[in-house]
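S.K.: Have a look at this one.
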Amino acid sequence: MNIIKLDAIGSTNTYLKELLMVSNLSNLTVVTAQRQLEGRGQRGTKWVSQEGSSLSFSVLVKDSLSDVSQIFDLNILVALSVLQGIKKCCNLSLAIKWPNDILADNKKIAGILIENSIKSSTEIVSIVGIGINVNQQNFDDLPQASSLKLLCGNPFDKEIVLQSVLECLSENLEQLKSGNAADLWKLYHDFLYQKDKLAYFELPDKTLIQGYIQGVSPNGLLIVELPQGNIEYFGLKEIKMIY
Ligand code: BTN
């Protein structure tokens with residue numbers, strides 16, 4: 001695996017995307033940064049991490065998806081790989097909060113931002129950005145965030161966590177390529193936060209609703225059974241889970 005290690009950069013996702021425009025990079029090229037000055041999160045948010053104590057990296061995934069419909073296969077695969085990679089390093093009970101936040105003890109310890117570029121119906125290039133709170137101790141404005149160190153009580157070797165996640169990612173991509181997405185989806189659902197439990201959500205107009213999480217559809221929508229018994233499908237911008 002080709003790993004490019006940077007000290008400081010705006011965003012590893014942006015860097016990798018720009019590098020790809022001017023060079024021919026191999027599949028699974030990785031960019032890591034000790035310090036990200038303009039880390040980007042989902043829904044246009046910022047991803048802030050403390051210099052040196054967290055993992056911020058991006059992975060180029062190309063030649064793996066053969067159809068646009070596999071884009072959400074990649075989403076669940078990445079979430080699963082981050083969870084599995086972290087799980088190999090610590091003893092925490094982990095869950096995936098739809099679509100791809102990694103939680104431990106109800107606290108967010110890792111986030112994922114995947115940016116796809118669809119070159120043709122069979123050529124999809126993805127920049128998979130992953131942020132893992134490894135040894136960070138302060139999350140002043142983020143009461144729902146935590147780190148491996150805070151939850152386990154001991155520091156972790158970031159390099160070992162990185163290698164563990166990359167190994168799981170590479171294995172799961174091989175599984176996807178060999179046509180075995182079903183097992184990945186099963187595992188994703190096994191770890192899905194609040195599955196079959198009553199959960200609370202906020203709608204874009206700030207209305208609060210509750211419902212039972214049934215699962216995630218093949219195109220990535222959250223399936224919720226509302227108290228009236230009707231089943232609804234929600235996209236990322238249509239619902240926010242309260243936890
Ligand atoms: C989220 O949970 O909102 C997603 C956070 C993703 C953060 C990672 S850190 C490495 C990569 N570079 C970025 O700018 N963002 C992702």
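Just so we're on the same page: first chain in the structure tokens is A, next is B, and so on; residues restart at 1 for each chain, and ligands are numbered from 1 in the order they show up.
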Could you give me, as a Markdown table, a per-residue list for chain A showing, wherever an atom lies at most 6 Å from an atom of ligand 1, the closest pair of atoms and their distance in Å to one decimal, using only C-alpha atoms and all ligand atoms and sorting by chain then residue number from low to high?
M.R.:
| residue | atom | partner | partner_atom_place_in_ligand_line | distance |
| --- | --- | --- | --- | --- |
| A:Ser11 | CA | ligand 1 | 14 (O) | 4.0 |
| A:Thr12 | CA | ligand 1 | 12 (N) | 4.4 |
| A:Asn13 | CA | ligand 1 | 12 (N) | 4.4 |
| A:Gly39 | CA | ligand 1 | 14 (O) | 3.5 |
| A:Arg40 | CA | ligand 1 | 14 (O) | 3.7 |
| A:Gly41 | CA | ligand 1 | 3 (O) | 3.2 |
| A:Gln42 | CA | ligand 1 | 3 (O) | 3.8 |
| A:Trp47 | CA | ligand 1 | 7 (C) | 5.4 |
| A:Ser56 | CA | ligand 1 | 10 (C) | 4.1 |
| A:Phe57 | CA | ligand 1 | 10 (C) | 4.3 |
| A:Ser58 | CA | ligand 1 | 11 (C) | 5.4 |
| A:Asp101 | CA | ligand 1 | 2 (O) | 5.9 |
| A:Gly111 | CA | ligand 1 | 2 (O) | 3.4 |
| A:Ile112 | CA | ligand 1 | 4 (C) | 4.1 |
| A:Leu113 | CA | ligand 1 | 6 (C) | 4.5 |
| A:Gly129 | CA | ligand 1 | 11 (C) | 3.7 |
| A:Ile130 | CA | ligand 1 | 8 (C) | 4.2 |
| A:Gly131 | CA | ligand 1 | 9 (S) | 3.8 |
S.K.: Would you please give, as a ChimeraX atom specification, all residues of range 35-89 of chain A that DSSP assigns to strand (DSSP E or B) based on the backbone?
M.R.: /A:35-36,40,46,55-61
S.K.: Create the file for the chosen residues now, containing N, CA, C and O atoms and written as a PDB file, in the first residue's frame.
M.R.:
ATOM      1  N   ARG A  35      -1.882  16.833  11.253  1.00  0.00           N
ATOM      2  CA  ARG A  35      -2.701  17.990  11.577  1.00  0.00           C
ATOM      3  C   ARG A  35      -3.538  18.378  10.357  1.00  0.00           C
ATOM      4  O   ARG A  35      -2.996  18.540   9.262  1.00  0.00           O
ATOM      5  N   GLN A  36      -4.846  18.474  10.571  1.00  0.00           N
ATOM      6  CA  GLN A  36      -5.732  18.895   9.481  1.00  0.00           C
ATOM      7  C   GLN A  36      -6.296  20.260   9.832  1.00  0.00           C
ATOM      8  O   GLN A  36      -6.945  20.430  10.856  1.00  0.00           O
ATOM      9  N   ARG A  40     -12.993  18.252   6.810  1.00  0.00           N
ATOM     10  CA  ARG A  40     -14.405  18.349   6.425  1.00  0.00           C
ATOM     11  C   ARG A  40     -15.195  17.146   6.912  1.00  0.00           C
ATOM     12  O   ARG A  40     -14.699  16.021   6.919  1.00  0.00           O
ATOM     13  N   LYS A  46     -17.645  20.845   9.852  1.00  0.00           N
ATOM     14  CA  LYS A  46     -16.184  20.825   9.981  1.00  0.00           C
ATOM     15  C   LYS A  46     -15.804  19.612  10.821  1.00  0.00           C
ATOM     16  O   LYS A  46     -16.552  19.229  11.722  1.00  0.00           O
ATOM     17  N   LEU A  55      -6.348  10.239  14.317  1.00  0.00           N
ATOM     18  CA  LEU A  55      -6.003   9.756  12.975  1.00  0.00           C
ATOM     19  C   LEU A  55      -6.888  10.464  11.956  1.00  0.00           C
ATOM     20  O   LEU A  55      -8.117  10.438  12.079  1.00  0.00           O
ATOM     21  N   SER A  56      -6.262  11.099  10.990  1.00  0.00           N
ATOM     22  CA  SER A  56      -6.995  11.717   9.881  1.00  0.00           C
ATOM     23  C   SER A  56      -6.361  11.171   8.612  1.00  0.00           C
ATOM     24  O   SER A  56      -5.178  11.411   8.358  1.00  0.00           O
ATOM     25  N   PHE A  57      -7.145  10.433   7.841  1.00  0.00           N
ATOM     26  CA  PHE A  57      -6.558   9.884   6.615  1.00  0.00           C
ATOM     27  C   PHE A  57      -7.616   9.657   5.542  1.00  0.00           C
ATOM     28  O   PHE A  57      -8.812   9.576   5.824  1.00  0.00           O
ATOM     29  N   SER A  58      -7.125   9.581   4.301  1.00  0.00           N
ATOM     30  CA  SER A  58      -8.004   9.353   3.157  1.00  0.00           C
ATOM     31  C   SER A  58      -7.430   8.225   2.321  1.00  0.00           C
ATOM     32  O   SER A  58      -6.214   8.106   2.169  1.00  0.00           O
ATOM     33  N   VAL A  59      -8.334   7.416   1.783  1.00  0.00           N
ATOM     34  CA  VAL A  59      -7.920   6.262   0.981  1.00  0.00           C
ATOM     35  C   VAL A  59      -8.575   6.356  -0.389  1.00  0.00           C
ATOM     36  O   VAL A  59      -9.778   6.616  -0.480  1.00  0.00           O
ATOM     37  N   LEU A  60      -7.770   6.137  -1.421  1.00  0.00           N
ATOM     38  CA  LEU A  60      -8.314   6.122  -2.776  1.00  0.00           C
ATOM     39  C   LEU A  60      -8.856   4.734  -3.086  1.00  0.00           C
ATOM     40  O   LEU A  60      -8.135   3.744  -2.962  1.00  0.00           O
ATOM     41  N   VAL A  61     -10.140   4.685  -3.453  1.00  0.00           N
ATOM     42  CA  VAL A  61     -10.721   3.387  -3.837  1.00  0.00           C
ATOM     43  C   VAL A  61     -11.148   3.490  -5.300  1.00  0.00           C
ATOM     44  O   VAL A  61     -12.052   4.254  -5.640  1.00  0.00           O
TER      45      VAL A  61
END
S.K.: May I have the residues within 8 Å of Ser170 in chain A as a ChimeraX atom specification, using only C-alpha atoms and disregarding those fewer than 4 positions away in the same chain?
M.R.: /A:28,166,174
S.K.: Near Cys168 in chain A, within 10 Å and counting only C-alpha atoms, which residues show up once chain neighbours fewer than 2 positions away are dropped, as a short mmCIF file (atom, residue, chain, number, x, y, z; two decimals) with C-alpha atoms, in the first residue's frame?
M.R.:
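Final output, saved to selection16.cif:
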data_model
loop_
_atom_site.label_atom_id
_atom_site.label_comp_id
_atom_site.auth_asym_id
_atom_site.auth_seq_id
_atom_site.Cartn_x
_atom_site.Cartn_y
_atom_site.Cartn_z
CA LEU A 77 -18.21 -1.60 3.87
CA VAL A 78 -16.13 1.35 5.04
CA LEU A 80 -17.77 -1.91 8.93
CA SER A 81 -14.03 -1.85 8.22
CA VAL A 82 -13.44 1.06 10.61
CA LEU A 83 -15.45 -0.69 13.31
CA GLN A 84 -13.65 -4.01 12.78
CA GLY A 85 -10.24 -2.34 12.62
CA ILE A 86 -10.83 -0.49 15.91
CA LYS A 88 -9.08 -5.50 16.90
CA GLN A 163 -2.88 -0.52 9.81
CA SER A 164 -5.69 -2.49 11.41
CA VAL A 165 -8.38 -0.39 9.70
CA LEU A 166 -6.56 -0.51 6.34
CA SER A 170 -8.66 -4.12 1.93
CA GLU A 171 -10.14 -7.53 2.93
CA ASN A 172 -13.71 -6.27 2.74
CA LEU A 173 -13.11 -4.68 -0.68
CA GLU A 174 -11.87 -8.05 -1.93
#
S.K.: Using only C-alpha atoms, which protein or nucleic acid residues come within 10 Å of Leu151 in chain A? Drop anything in the same chain fewer than 5 positions from it, and give the result as a ChimeraX atom specification.
M.R.: /A:90-92,104-105,107,109,134-135,137,146
S.K.: Which residue is closest to Asp63 in chain A? Choose from A:Lys240, A:Glu232, A:Thr32, A:Leu176 and count only C-alpha atoms.
M.R.: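 Smallest separation from Asp63 in chain A among the options: A:Leu176.
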S.K.: Quote the spacing between CA of Leu187 in chain A and CA of Val161 in chain A in Å to one decimal place.
M.R.: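 So the answer is 20.5 Å.
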S.K.: Which residue gives the smallest distance to Val224 in chain A among A:Asn116, A:Phe191, A:Val68, A:Trp98, with only C-alpha atoms counted?
M.R.: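 Among the listed residues, A:Trp98 lies closest to Val224 in chain A.
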S.K.: Nearest to Leu162 in chain A among A:Asn230, A:Asn133, A:Ser217, A:Ser126, with distances taken over only C-alpha atoms: which residue is it?
M.R.: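 The shortest atom-to-atom distance to Leu162 in chain A comes from A:Asn133.
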S.K.: Env of Tyr193 in chain A: 10 Å cut, atoms = only C-alpha atoms, seq-sep filter 6 positions within chain, self excluded. Answer as a PDB file with C-alpha atoms, in the first residue's frame.
M.R.:
ATOM      1  CA  LEU A  94     -18.892  -0.600  19.174  1.00  0.00           C
ATOM      2  CA  ALA A  95     -21.831   0.302  16.968  1.00  0.00           C
ATOM      3  CA  ILE A  96     -22.467   1.966  13.621  1.00  0.00           C
ATOM      4  CA  LYS A  97     -24.890   4.874  13.749  1.00  0.00           C
ATOM      5  CA  TRP A  98     -26.530   5.226  10.337  1.00  0.00           C
ATOM      6  CA  PRO A  99     -25.124   5.934   7.919  1.00  0.00           C
ATOM      7  CA  ASP A 101     -20.608   7.077  12.425  1.00  0.00           C
ATOM      8  CA  ILE A 102     -18.758   4.773  14.762  1.00  0.00           C
ATOM      9  CA  LEU A 103     -19.933   4.880  18.364  1.00  0.00           C
ATOM     10  CA  ASN A 106     -23.011   6.114  22.930  1.00  0.00           C
ATOM     11  CA  ALA A 199     -35.211   5.775  18.549  1.00  0.00           C
ATOM     12  CA  ILE A 213     -35.189   1.339  13.148  1.00  0.00           C
ATOM     13  CA  GLY A 215     -32.580  -1.367   8.863  1.00  0.00           C
ATOM     14  CA  TYR A 243     -28.743  10.032  20.743  1.00  0.00           C
TER      15      TYR A 243
END
S.K.: DSSP on the backbone, then: every residue of range 160-209 of chain A marked helix (DSSP H, G or I), written as a ChimeraX atom specification.
M.R.: /A:160-177,181-190
S.K.: Residues at most 12 Å from Lys62 in chain A, counting only C-alpha atoms, excluding those fewer than 3 positions away in the same chain, as a list in words?
M.R.: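 The residues that qualify are Leu20, Asn24, Leu25, Ser26, Asn27, Leu28, Thr29, Val59, Leu65, Ser66, Asp67, Ile71, Leu74, Glu115, Asn116, Ser117, Ile118, Lys119, Thr122, Glu123, Ile124, Val125, Ser126, Ile127, Val128, Ser170, Leu173 and Lys177 of chain A.
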S.K.: Here is a test: counting only C-alpha atoms, which residue of A:Val31, A:Leu226, A:Ile76, A:Leu221 is nearest to Lys186 in chain A?
M.R.: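 Once distances to Lys186 in chain A are computed over only C-alpha atoms, the minimum belongs to A:Ile76.
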